[in-house]
>>> print(open('my_file_18.txt').read())   # compact mmCIF, C-alpha atoms and all ligand atoms
# COMPACT_ATOMS: atom_id res chain seq x y z
CA MET A 132 2.63 3.77 7.16
CA VAL A 133 3.73 4.57 10.66
CA ALA A 134 5.17 7.99 11.24
CA PRO A 135 5.43 10.61 13.92
CA SER A 136 1.91 11.99 14.08
CA SER A 137 2.90 15.64 14.08
CA THR A 138 4.05 16.06 10.48
CA PRO A 139 2.36 13.49 8.30
CA ILE A 140 2.83 15.19 4.96
CA ILE A 141 6.47 15.99 5.50
CA SER A 142 7.06 12.45 6.68
CA SER A 143 5.60 10.99 3.54
CA PHE A 144 7.70 13.20 1.33
CA SER A 145 10.88 12.48 3.23
CA PHE A 146 10.03 8.81 3.01
CA LEU A 147 9.74 9.21 -0.75
CA ALA A 148 13.09 10.95 -0.78
CA ILE A 149 14.70 8.09 1.09
CA ILE A 150 13.44 5.58 -1.40
CA ALA A 151 14.65 7.78 -4.19
CA SER A 152 18.13 7.93 -2.78
CA LEU A 153 18.37 4.23 -2.08
CA LEU A 154 16.98 2.85 -5.26
CA THR A 155 19.13 4.37 -7.93
CA VAL A 156 20.14 0.89 -9.03
CA ALA A 157 19.02 -0.20 -12.43
CA VAL A 158 15.57 -1.69 -12.44
CA LEU A 159 14.28 -4.07 -15.02
CA PRO A 160 11.85 -1.99 -16.99
CA ALA A 161 8.44 -3.55 -17.23
CA THR A 162 6.37 -2.13 -19.96
CA VAL A 163 2.75 -1.92 -19.08
CA SER A 164 2.04 -3.91 -22.23
CA ALA A 165 3.60 -7.05 -20.74
CA VAL A 166 0.97 -7.25 -18.02
CA PRO A 167 -0.89 -8.87 -16.33
CA LEU A 168 1.81 -9.97 -13.96
CA SER A 169 1.93 -13.27 -12.16
CA THR A 170 4.30 -15.11 -9.86
CA SER A 171 6.78 -17.84 -10.61
CA SER A 172 8.19 -19.17 -7.37
CA ARG A 173 9.72 -16.19 -5.57
CA TRP A 174 9.65 -13.95 -8.63
CA ILE A 175 7.09 -11.66 -10.12
CA VAL A 176 7.04 -12.18 -13.87
CA ASP A 177 5.39 -10.67 -16.91
CA GLN A 178 3.50 -12.38 -19.71
CA SER A 179 6.68 -13.67 -21.32
CA GLY A 180 7.99 -15.05 -18.05
CA GLN A 181 10.55 -12.26 -17.67
CA ARG A 182 11.21 -11.11 -14.15
CA VAL A 183 9.62 -7.79 -13.19
CA LYS A 184 11.26 -6.07 -10.26
CA LEU A 185 8.89 -3.62 -8.65
CA ALA A 186 10.52 -0.34 -7.70
CA CYS A 187 7.66 1.61 -6.23
CA VAL A 188 7.02 4.96 -4.65
CA ASN A 189 4.39 5.20 -1.94
CA TRP A 190 1.94 7.91 -2.93
CA VAL A 191 -0.49 8.81 -0.20
CA SER A 192 -4.15 9.24 -1.16
CA HIS A 193 -5.86 8.13 2.04
CA LEU A 194 -5.69 11.28 4.17
CA GLU A 195 -8.71 13.36 5.20
CA ALA A 196 -9.02 15.05 1.82
CA VAL A 197 -8.94 11.65 0.01
CA VAL A 198 -6.90 13.18 -2.81
CA ALA A 199 -3.40 12.12 -3.82
CA GLU A 200 -0.98 14.39 -1.97
CA GLY A 201 0.80 17.09 -3.94
CA LEU A 202 -1.74 17.84 -6.65
CA SER A 203 -1.98 21.43 -5.42
CA LYS A 204 1.74 21.77 -6.09
CA GLN A 205 2.38 20.04 -9.43
CA PRO A 206 0.36 18.84 -12.42
CA VAL A 207 -0.38 15.15 -12.08
CA ASP A 208 1.46 14.32 -15.31
CA ALA A 209 4.56 16.16 -14.08
CA ILE A 210 4.54 14.04 -10.91
CA SER A 211 4.07 10.84 -12.91
CA LYS A 212 6.89 11.76 -15.26
CA ARG A 213 9.14 12.64 -12.36
CA ILE A 214 8.48 9.28 -10.70
CA ALA A 215 9.39 7.47 -13.92
CA SER A 216 12.46 9.64 -14.53
CA LEU A 217 13.81 8.77 -11.08
CA GLY A 218 13.91 5.11 -12.13
CA PHE A 219 10.72 3.90 -10.51
CA ASN A 220 8.32 1.71 -12.44
CA CYS A 221 5.49 1.57 -9.94
CA VAL A 222 3.44 3.45 -7.38
CA ARG A 223 1.80 1.99 -4.32
CA LEU A 224 -1.22 4.27 -4.30
CA SER A 225 -3.14 4.21 -1.04
CA TRP A 226 -6.91 4.45 -0.66
CA PRO A 227 -9.29 4.36 2.30
CA THR A 228 -12.05 1.73 2.28
CA PHE A 229 -14.77 4.34 2.66
CA LEU A 230 -13.85 5.88 -0.69
CA ALA A 231 -15.13 2.66 -2.26
CA THR A 232 -18.02 1.91 0.07
CA ASN A 233 -19.50 5.31 0.93
CA ASP A 234 -21.10 6.71 -2.24
CA THR A 235 -21.64 10.07 -0.58
CA LEU A 236 -17.93 10.37 0.10
CA ALA A 237 -16.97 9.10 -3.36
CA SER A 238 -19.14 11.75 -5.01
CA VAL A 239 -17.75 14.71 -3.07
CA THR A 240 -15.66 16.81 -5.45
CA VAL A 241 -12.01 17.54 -4.84
CA ARG A 242 -12.87 21.21 -4.41
CA GLN A 243 -15.62 20.43 -1.87
CA SER A 244 -13.33 18.09 0.03
CA PHE A 245 -10.67 20.78 0.47
CA GLN A 246 -13.35 23.38 1.22
CA SER A 247 -14.73 21.26 4.03
CA LEU A 248 -11.25 21.13 5.55
CA GLY A 249 -10.78 24.89 5.17
CA LEU A 250 -7.81 24.42 2.83
CA SER A 251 -8.47 27.30 0.45
CA GLU A 252 -4.82 27.76 -0.47
CA SER A 253 -4.72 24.16 -1.70
CA ILE A 254 -7.83 24.75 -3.81
CA ALA A 255 -6.09 27.67 -5.50
CA GLY A 256 -3.07 25.43 -6.12
CA LEU A 257 -5.23 22.65 -7.51
CA GLN A 258 -7.05 25.11 -9.70
CA SER A 259 -3.83 26.26 -11.33
CA ASN A 260 -1.90 22.98 -11.39
CA ASN A 261 -4.69 20.50 -12.03
CA PRO A 262 -7.71 22.33 -13.43
CA SER A 263 -9.00 19.11 -14.98
CA ILE A 264 -9.07 17.40 -11.58
CA VAL A 265 -10.34 20.07 -9.17
CA ASP A 266 -14.01 19.53 -10.00
CA LEU A 267 -13.88 15.76 -10.38
CA THR A 268 -15.36 13.57 -7.66
CA LEU A 269 -12.93 11.93 -5.28
CA ILE A 270 -13.22 8.55 -6.96
CA GLN A 271 -12.75 10.13 -10.40
CA ALA A 272 -9.71 12.02 -9.14
CA TYR A 273 -8.23 8.75 -7.90
CA GLN A 274 -8.87 7.22 -11.33
CA ALA A 275 -7.27 10.24 -12.98
CA VAL A 276 -4.07 9.71 -10.99
CA VAL A 277 -3.97 6.02 -11.96
CA SER A 278 -4.57 6.99 -15.57
CA SER A 279 -1.78 9.57 -15.59
CA LEU A 280 0.61 6.99 -14.15
CA GLY A 281 -0.48 4.54 -16.84
CA LYS A 282 0.17 7.06 -19.60
CA ASN A 283 3.67 7.40 -18.25
CA ASN A 284 4.18 3.65 -18.13
CA VAL A 285 4.10 3.46 -14.35
CA MET A 286 2.43 0.45 -12.78
CA VAL A 287 0.10 0.86 -9.81
CA ILE A 288 -0.61 -1.19 -6.72
CA LEU A 289 -3.88 -0.18 -5.09
CA ASP A 290 -3.14 -0.18 -1.38
CA ASN A 291 -6.02 -0.36 1.09
CA GLN A 292 -4.36 1.73 3.77
CA VAL A 293 -7.18 2.46 6.25
CA SER A 294 -10.98 2.45 6.38
CA LYS A 295 -11.69 5.97 7.60
CA PRO A 296 -9.67 8.60 5.75
CA GLY A 297 -6.80 9.87 7.87
CA TRP A 298 -3.18 9.27 8.73
CA CYS A 299 -2.25 5.70 9.47
CA CYS A 300 -1.39 4.05 11.88
CA SER A 301 -1.82 3.52 15.56
CA SER A 302 -2.99 0.52 17.56
CA SER A 303 -6.06 2.38 18.80
CA ASP A 304 -7.22 4.28 15.70
CA GLY A 305 -10.14 1.94 15.02
CA ASN A 306 -8.62 0.88 11.68
CA GLY A 307 -6.17 -1.73 12.92
CA PHE A 308 -7.82 -5.11 12.77
CA PHE A 309 -11.01 -6.91 11.78
CA GLY A 310 -13.72 -5.93 14.23
CA ASP A 311 -12.23 -2.56 15.16
CA GLN A 312 -14.52 0.48 15.14
CA TYR A 313 -13.99 1.30 11.46
CA PHE A 314 -12.96 -2.14 10.28
CA ASN A 315 -16.03 -4.22 9.58
CA PRO A 316 -14.83 -7.23 7.53
CA ASP A 317 -17.92 -7.25 5.30
CA ILE A 318 -17.54 -3.58 4.41
CA TRP A 319 -13.85 -4.17 3.76
CA ILE A 320 -14.67 -7.06 1.38
CA LYS A 321 -17.20 -4.84 -0.36
CA GLY A 322 -14.59 -2.10 -0.75
CA LEU A 323 -11.97 -4.50 -2.11
CA THR A 324 -14.51 -5.94 -4.54
CA ARG A 325 -15.54 -2.52 -5.77
CA MET A 326 -11.97 -1.34 -6.32
CA ALA A 327 -10.99 -4.59 -8.01
CA THR A 328 -14.00 -4.25 -10.30
CA LEU A 329 -13.47 -0.56 -11.00
CA PHE A 330 -9.90 -1.18 -12.16
CA LYS A 331 -10.55 -4.40 -14.03
CA GLY A 332 -9.08 -4.01 -17.50
CA VAL A 333 -6.94 -1.02 -16.47
CA ALA A 334 -3.62 -2.40 -17.67
CA ASN A 335 -1.25 -0.55 -15.37
CA VAL A 336 -3.06 -1.62 -12.20
CA VAL A 337 -0.98 -4.73 -11.55
CA GLY A 338 -1.73 -5.49 -7.92
CA MET A 339 -3.88 -4.85 -4.91
CA SER A 340 -2.60 -5.00 -1.37
CA LEU A 341 -5.44 -6.13 0.82
CA ARG A 342 -4.73 -4.09 3.93
CA ASN A 343 -1.87 -2.06 5.26
CA GLU A 344 -0.32 -2.83 8.67
CA LEU A 345 -2.78 -4.97 10.60
CA ARG A 346 -2.31 -4.23 14.29
CA GLY A 347 -3.81 -3.57 17.67
CA PRO A 348 -5.29 -5.53 20.56
CA LYS A 349 -7.72 -7.54 18.41
CA GLN A 350 -5.10 -8.98 16.08
CA ASN A 351 -4.82 -12.76 16.01
CA VAL A 352 -3.66 -15.43 13.61
CA ASP A 353 -6.97 -17.27 13.18
CA ASP A 354 -8.82 -14.14 12.08
CA TRP A 355 -5.91 -13.26 9.83
CA TYR A 356 -6.43 -16.49 7.86
CA LYS A 357 -10.21 -16.25 7.94
CA TYR A 358 -10.45 -12.71 6.58
CA MET A 359 -7.32 -12.41 4.47
CA GLN A 360 -8.34 -15.54 2.56
CA ARG A 361 -11.81 -14.08 2.03
CA GLY A 362 -10.33 -10.76 0.92
CA ALA A 363 -7.93 -12.48 -1.47
CA GLU A 364 -10.72 -14.57 -3.01
CA ALA A 365 -12.95 -11.50 -3.35
CA VAL A 366 -10.27 -9.53 -5.19
CA HIS A 367 -9.33 -12.44 -7.41
CA SER A 368 -12.87 -13.24 -8.43
CA ALA A 369 -13.61 -9.58 -9.22
CA ASN A 370 -10.32 -9.04 -11.05
CA PRO A 371 -8.23 -12.12 -11.79
CA ASP A 372 -5.49 -10.02 -13.43
CA VAL A 373 -4.08 -8.36 -10.32
CA LEU A 374 -1.45 -9.68 -7.97
CA VAL A 375 -3.01 -10.20 -4.55
CA ILE A 376 -0.70 -8.84 -1.88
CA LEU A 377 -1.08 -9.97 1.73
CA SER A 378 0.47 -8.15 4.66
CA GLY A 379 1.28 -9.50 8.09
CA LEU A 380 0.48 -8.76 11.70
CA ASN A 381 2.06 -6.26 14.07
CA TYR A 382 2.31 -3.38 11.58
CA ASP A 383 3.23 -5.78 8.78
CA LYS A 384 6.44 -6.85 10.45
CA ASP A 385 5.33 -10.41 11.19
CA LEU A 386 4.45 -13.17 8.74
CA SER A 387 6.14 -15.89 10.78
CA PHE A 388 2.89 -17.80 11.27
CA LEU A 389 3.00 -18.76 7.58
CA ALA A 390 6.01 -20.98 8.23
CA ASP A 391 3.83 -23.91 9.25
CA ARG A 392 0.35 -22.91 8.12
CA PRO A 393 0.02 -21.96 4.46
CA VAL A 394 -2.72 -19.76 3.10
CA ASN A 395 -5.44 -21.79 1.42
CA LEU A 396 -6.66 -20.17 -1.79
CA THR A 397 -8.51 -21.43 -4.83
CA PHE A 398 -6.07 -19.72 -7.21
CA SER A 399 -2.32 -19.73 -7.63
CA GLY A 400 0.39 -17.73 -9.34
CA LYS A 401 -0.94 -14.43 -8.00
CA THR A 402 -0.05 -14.35 -4.32
CA VAL A 403 2.60 -11.96 -3.02
CA TYR A 404 3.43 -11.11 0.59
CA GLU A 405 4.48 -7.70 1.80
CA VAL A 406 6.57 -6.62 4.76
CA HIS A 407 7.57 -3.32 6.35
CA TRP A 408 10.78 -2.44 8.14
CA TYR A 409 11.94 0.89 9.50
CA GLY A 410 14.94 1.98 11.52
CA PHE A 411 12.61 2.39 14.48
CA SER A 412 11.23 -1.14 14.03
CA ASP A 413 14.21 -2.25 16.10
CA GLY A 414 13.64 0.26 18.86
CA GLN A 415 16.85 1.78 20.14
CA ALA A 416 18.98 -1.14 18.95
CA TRP A 417 20.84 0.81 16.30
CA LYS A 418 21.52 3.67 18.66
CA SER A 419 22.90 1.75 21.58
CA GLY A 420 24.14 -1.56 20.14
CA ASN A 421 27.23 -2.75 18.33
CA PRO A 422 26.30 -2.20 14.65
CA ASN A 423 27.64 -5.60 13.53
CA GLN A 424 25.68 -7.43 16.17
CA VAL A 425 22.56 -5.36 15.62
CA CYS A 426 22.79 -5.96 11.88
CA GLY A 427 23.13 -9.71 12.39
CA ALA A 428 20.21 -9.81 14.80
CA VAL A 429 18.00 -7.70 12.57
CA VAL A 430 18.76 -9.80 9.48
CA ASN A 431 18.06 -13.03 11.35
CA ASN A 432 14.89 -11.62 12.79
CA MET A 433 13.66 -10.46 9.43
CA LYS A 434 14.43 -13.85 7.85
CA ARG A 435 12.43 -15.54 10.57
CA LYS A 436 9.51 -13.10 10.39
CA SER A 437 9.18 -12.78 6.61
CA GLY A 438 12.30 -13.57 4.56
CA PHE A 439 11.69 -17.32 4.78
CA LEU A 440 8.74 -16.86 2.40
CA LEU A 441 11.17 -16.54 -0.51
CA GLU A 442 12.35 -20.09 0.13
CA LYS A 443 8.72 -21.19 0.29
CA GLY A 444 8.30 -19.90 -3.25
CA PHE A 445 6.56 -16.58 -2.74
CA PRO A 446 7.63 -13.08 -3.75
CA LEU A 447 8.13 -10.73 -0.81
CA PHE A 448 7.40 -7.08 -1.48
CA VAL A 449 9.17 -4.70 0.92
CA SER A 450 6.52 -2.05 0.53
CA GLU A 451 7.70 0.35 3.24
CA PHE A 452 11.12 0.92 4.72
CA GLY A 453 13.13 3.87 5.84
CA VAL A 454 15.14 5.64 8.46
CA ASP A 455 14.55 8.75 10.49
CA GLN A 456 16.31 11.48 8.53
CA ARG A 457 16.85 13.56 11.65
CA GLY A 458 19.65 11.15 12.46
CA THR A 459 18.24 10.24 15.84
CA MET A 460 17.80 6.56 15.08
C1 LIG B 501 -20.10 8.96 4.20
O1 LIG B 501 -19.42 10.10 3.77
C2 LIG B 501 -20.02 11.32 4.13
C3 LIG B 501 -19.23 12.44 3.45
O2 LIG B 501 -17.91 12.44 3.90
C4 LIG B 501 -20.06 11.42 5.65
O3 LIG B 501 -20.69 12.62 6.02
C5 LIG B 501 -20.78 10.22 6.22
O4 LIG B 501 -20.71 10.25 7.63
C6 LIG B 501 -20.19 8.93 5.71
N1 LIG B 501 -21.00 7.80 6.12
C7 LIG B 501 -20.49 6.76 6.75
C8 LIG B 501 -21.46 5.66 7.09
O5 LIG B 501 -19.30 6.66 7.04
C1 LIG B 502 -9.02 -25.10 1.69
O1 LIG B 502 -10.21 -24.51 1.23
C2 LIG B 502 -11.12 -25.42 0.61
C3 LIG B 502 -12.31 -24.63 0.14
O2 LIG B 502 -11.92 -23.55 -0.63
C4 LIG B 502 -11.53 -26.49 1.63
O3 LIG B 502 -12.35 -27.43 0.98
C5 LIG B 502 -10.31 -27.17 2.20
O4 LIG B 502 -10.69 -28.03 3.24
C6 LIG B 502 -9.33 -26.13 2.76
N1 LIG B 502 -8.11 -26.77 3.20
C7 LIG B 502 -7.54 -26.53 4.35
C8 LIG B 502 -6.27 -27.24 4.63
O5 LIG B 502 -8.00 -25.73 5.17
>>> encode(input="my_file_18.txt", output="structure tokens")
Amino acid sequence: MVAPSSTPIISSFSFLAIIASLLTVAVLPATVSAVPLSTSSRWIVDQSGQRVKLACVNWVSHLEAVVAEGLSKQPVDAISKRIASLGFNCVRLSWPTFLATNDTLASVTVRQSFQSLGLSESIAGLQSNNPSIVDLTLIQAYQAVVSSLGKNNVMVILDNQVSKPGWCCSSSDGNGFFGDQYFNPDIWIKGLTRMATLFKGVANVVGMSLRNELRGPKQNVDDWYKYMQRGAEAVHSANPDVLVILSGLNYDKDLSFLADRPVNLTFSGKTVYEVHWYGFSDGQAWKSGNPNQVCGAVVNNMKRKSGFLLEKGFPLFVSEFGVDQRGTM
């Protein structure tokens, strides 16, 4: 998720609000009992072949505290119920690689994590709103959130957002591409494998997105194929039930390279691509241009960068989109 760095938490909530206001259309309810999901051409389908349209909320759990945001404010079940009542059937729940690969980090308790950040007010909030979570370890707390969503019939996509816990994303944050400071491909594969294994058999975990918003000076197409194929195979062999979701280059705005070079995987019926688009993805175009022309250009651009995948027979998951609510873009 890219956002102005000054107010990460507010940004994520306003982003959630945007999605909420845009997606009031009826969604096809997918009961968690009809999983695992698979793909049929451009559609995601359930066990009976019925189309399942994912309507997800992004729920951030990859920040410094490595705890799903908001648990100091509301009981987890209240949040899950609220998500479902707004018409969503899914959460894209982010996680940092190190939660799965650093056992010391994974075994820190929620209370200790907030203590180490000096967030005593949040501990008090957690204590009153989520007493059953506050003394769990970080990995158990993550599982508790997934479980609460499952009880409320909300599907989950485990989203590997960053390696090192913290707000995502910039081109120089060391989390952008294979080989960056915090992005060792082998550790990433280990993390994906561990998460896929941990959630094997957890019915509401329907997908895993391999990595959010690849970016930065090291990004290149050859390494994208090399490592994304390895990541996809690792997830699938550890947990063949989940959809394997692959994101593109340049902050997940560009999958154009797939037009003439398909991904080569040993499995089929599980591959989904994801793309991101924000108002600011088009720079100042919307501010200064003729809206009809800008709209046409943006649509054509998006078809060329990612939309063409639908015609190639793959589902395309628009996993982040939004506009600046301050009205400046
Ligand atoms: C693992 O996590 C602990 C606790 O957050 C941290 O002190 C340590 O530096 C981490 N180790 C690595 C290799 O990232
Ligand atoms: C696809 O991968 C298989 C091994 O999994 C390999 O034998 C084959 O040559 C690859 N095909 C292409 C076109 O790269």
>>> closest_residue(input="my_file_18.txt", among="A:Glu195, A:Asp385, A:Asp455, A:Glu364", to="ligand LIG 501 (chain B)", atoms="all atoms listed in the file")
A:Glu195
>>> axis_aligned_box(input="my_file_18.txt", around="segment 342-355 of chain A", padding_each_side="5 Å", output="AutoDock Vina command-line options")
--center_x -4.6 --center_y -9.7 --center_z 12.2 --size_x 18.5 --size_y 25.2 --size_z 26.6
>>> residues_near_ligand(input="my_file_18.txt", ligand="ligand LIG 501 (chain B)", cutoff="8 Å", atoms="all atoms listed in the file", output="ChimeraX atom specification")
/A:229,233-237,239,295
>>> residues_around(input="my_file_18.txt", residues="segment 324-337 of chain A", least_positions_apart="6", cutoff="7 Å", atoms="only C-alpha atoms", output="ChimeraX atom specification")
/A:163,166-168,231,281,285-288,365-366,369-370,373-374
>>> residues_near_ligand(input="my_file_18.txt", ligand="ligand LIG 502 (chain B)", cutoff="12 Å", atoms="only C-alpha atoms and all ligand atoms", output="PyMOL selection string")
chain A and resi 353+356-357+360-361+363-364+391-398
>>> decode(input="my_file_18.txt", residues="segment 268-278 of chain A", atoms="all heavy atoms", output="mmCIF file, in the first residue's frame")
data_model
loop_
_atom_site.group_PDB
_atom_site.id
_atom_site.type_symbol
_atom_site.label_atom_id
_atom_site.label_comp_id
_atom_site.auth_asym_id
_atom_site.auth_seq_id
_atom_site.Cartn_x
_atom_site.Cartn_y
_atom_site.Cartn_z
ATOM 1 N N THR A 268 0.903 -14.576 21.627
ATOM 2 C CA THR A 268 2.080 -14.176 20.841
ATOM 3 C C THR A 268 1.584 -13.542 19.531
ATOM 4 O O THR A 268 0.411 -13.695 19.152
ATOM 5 C CB THR A 268 2.952 -15.392 20.503
ATOM 6 O OG1 THR A 268 2.196 -16.268 19.660
ATOM 7 C CG2 THR A 268 3.397 -16.132 21.759
ATOM 8 N N LEU A 269 2.490 -12.865 18.858
ATOM 9 C CA LEU A 269 2.093 -12.170 17.630
ATOM 10 C C LEU A 269 1.533 -13.128 16.584
ATOM 11 O O LEU A 269 0.554 -12.810 15.907
ATOM 12 C CB LEU A 269 3.281 -11.386 17.068
ATOM 13 C CG LEU A 269 3.802 -10.261 17.972
ATOM 14 C CD1 LEU A 269 4.980 -9.549 17.302
ATOM 15 C CD2 LEU A 269 2.691 -9.262 18.310
ATOM 16 N N ILE A 270 2.130 -14.292 16.471
ATOM 17 C CA ILE A 270 1.625 -15.226 15.457
ATOM 18 C C ILE A 270 0.266 -15.795 15.891
ATOM 19 O O ILE A 270 -0.641 -15.968 15.067
ATOM 20 C CB ILE A 270 2.662 -16.325 15.117
ATOM 21 C CG1 ILE A 270 2.249 -17.120 13.877
ATOM 22 C CG2 ILE A 270 2.919 -17.260 16.280
ATOM 23 C CD1 ILE A 270 2.329 -16.373 12.583
ATOM 24 N N GLN A 271 0.102 -16.010 17.190
ATOM 25 C CA GLN A 271 -1.215 -16.484 17.677
ATOM 26 C C GLN A 271 -2.281 -15.401 17.497
ATOM 27 O O GLN A 271 -3.441 -15.704 17.185
ATOM 28 C CB GLN A 271 -1.130 -16.848 19.163
ATOM 29 C CG GLN A 271 -0.365 -18.124 19.444
ATOM 30 C CD GLN A 271 -0.080 -18.307 20.944
ATOM 31 O OE1 GLN A 271 -0.085 -17.336 21.716
ATOM 32 N NE2 GLN A 271 0.169 -19.543 21.345
ATOM 33 N N ALA A 272 -1.887 -14.159 17.697
ATOM 34 C CA ALA A 272 -2.851 -13.060 17.528
ATOM 35 C C ALA A 272 -3.296 -12.968 16.071
ATOM 36 O O ALA A 272 -4.473 -12.738 15.767
ATOM 37 C CB ALA A 272 -2.233 -11.736 17.985
ATOM 38 N N TYR A 273 -2.353 -13.178 15.168
ATOM 39 C CA TYR A 273 -2.688 -13.176 13.737
ATOM 40 C C TYR A 273 -3.682 -14.313 13.445
ATOM 41 O O TYR A 273 -4.696 -14.125 12.766
ATOM 42 C CB TYR A 273 -1.408 -13.327 12.911
ATOM 43 C CG TYR A 273 -1.590 -13.097 11.427
ATOM 44 C CD1 TYR A 273 -1.378 -11.837 10.860
ATOM 45 C CD2 TYR A 273 -1.981 -14.134 10.582
ATOM 46 C CE1 TYR A 273 -1.543 -11.625 9.494
ATOM 47 C CE2 TYR A 273 -2.151 -13.932 9.212
ATOM 48 C CZ TYR A 273 -1.924 -12.672 8.682
ATOM 49 O OH TYR A 273 -2.099 -12.463 7.332
ATOM 50 N N GLN A 274 -3.396 -15.472 14.012
ATOM 51 C CA GLN A 274 -4.305 -16.618 13.823
ATOM 52 C C GLN A 274 -5.683 -16.337 14.426
ATOM 53 O O GLN A 274 -6.708 -16.753 13.870
ATOM 54 C CB GLN A 274 -3.711 -17.875 14.463
ATOM 55 C CG GLN A 274 -2.499 -18.419 13.727
ATOM 56 C CD GLN A 274 -1.862 -19.574 14.487
ATOM 57 O OE1 GLN A 274 -1.191 -19.371 15.509
ATOM 58 N NE2 GLN A 274 -2.068 -20.790 14.012
ATOM 59 N N ALA A 275 -5.693 -15.625 15.542
ATOM 60 C CA ALA A 275 -6.977 -15.324 16.191
ATOM 61 C C ALA A 275 -7.835 -14.415 15.310
ATOM 62 O O ALA A 275 -9.062 -14.557 15.251
ATOM 63 C CB ALA A 275 -6.737 -14.671 17.556
ATOM 64 N N VAL A 276 -7.190 -13.490 14.608
ATOM 65 C CA VAL A 276 -7.932 -12.603 13.705
ATOM 66 C C VAL A 276 -8.509 -13.417 12.543
ATOM 67 O O VAL A 276 -9.693 -13.281 12.186
ATOM 68 C CB VAL A 276 -7.025 -11.450 13.201
ATOM 69 C CG1 VAL A 276 -7.697 -10.668 12.088
ATOM 70 C CG2 VAL A 276 -6.653 -10.521 14.364
ATOM 71 N N VAL A 277 -7.687 -14.290 11.977
ATOM 72 C CA VAL A 277 -8.166 -15.141 10.874
ATOM 73 C C VAL A 277 -9.344 -15.990 11.340
ATOM 74 O O VAL A 277 -10.351 -16.147 10.639
ATOM 75 C CB VAL A 277 -7.011 -16.043 10.352
ATOM 76 C CG1 VAL A 277 -7.534 -17.087 9.361
ATOM 77 C CG2 VAL A 277 -5.921 -15.188 9.710
ATOM 78 N N SER A 278 -9.225 -16.504 12.556
ATOM 79 C CA SER A 278 -10.258 -17.378 13.095
ATOM 80 C C SER A 278 -11.568 -16.615 13.324
ATOM 81 O O SER A 278 -12.661 -17.112 13.014
ATOM 82 C CB SER A 278 -9.705 -17.994 14.377
ATOM 83 O OG SER A 278 -10.719 -18.562 15.126
#
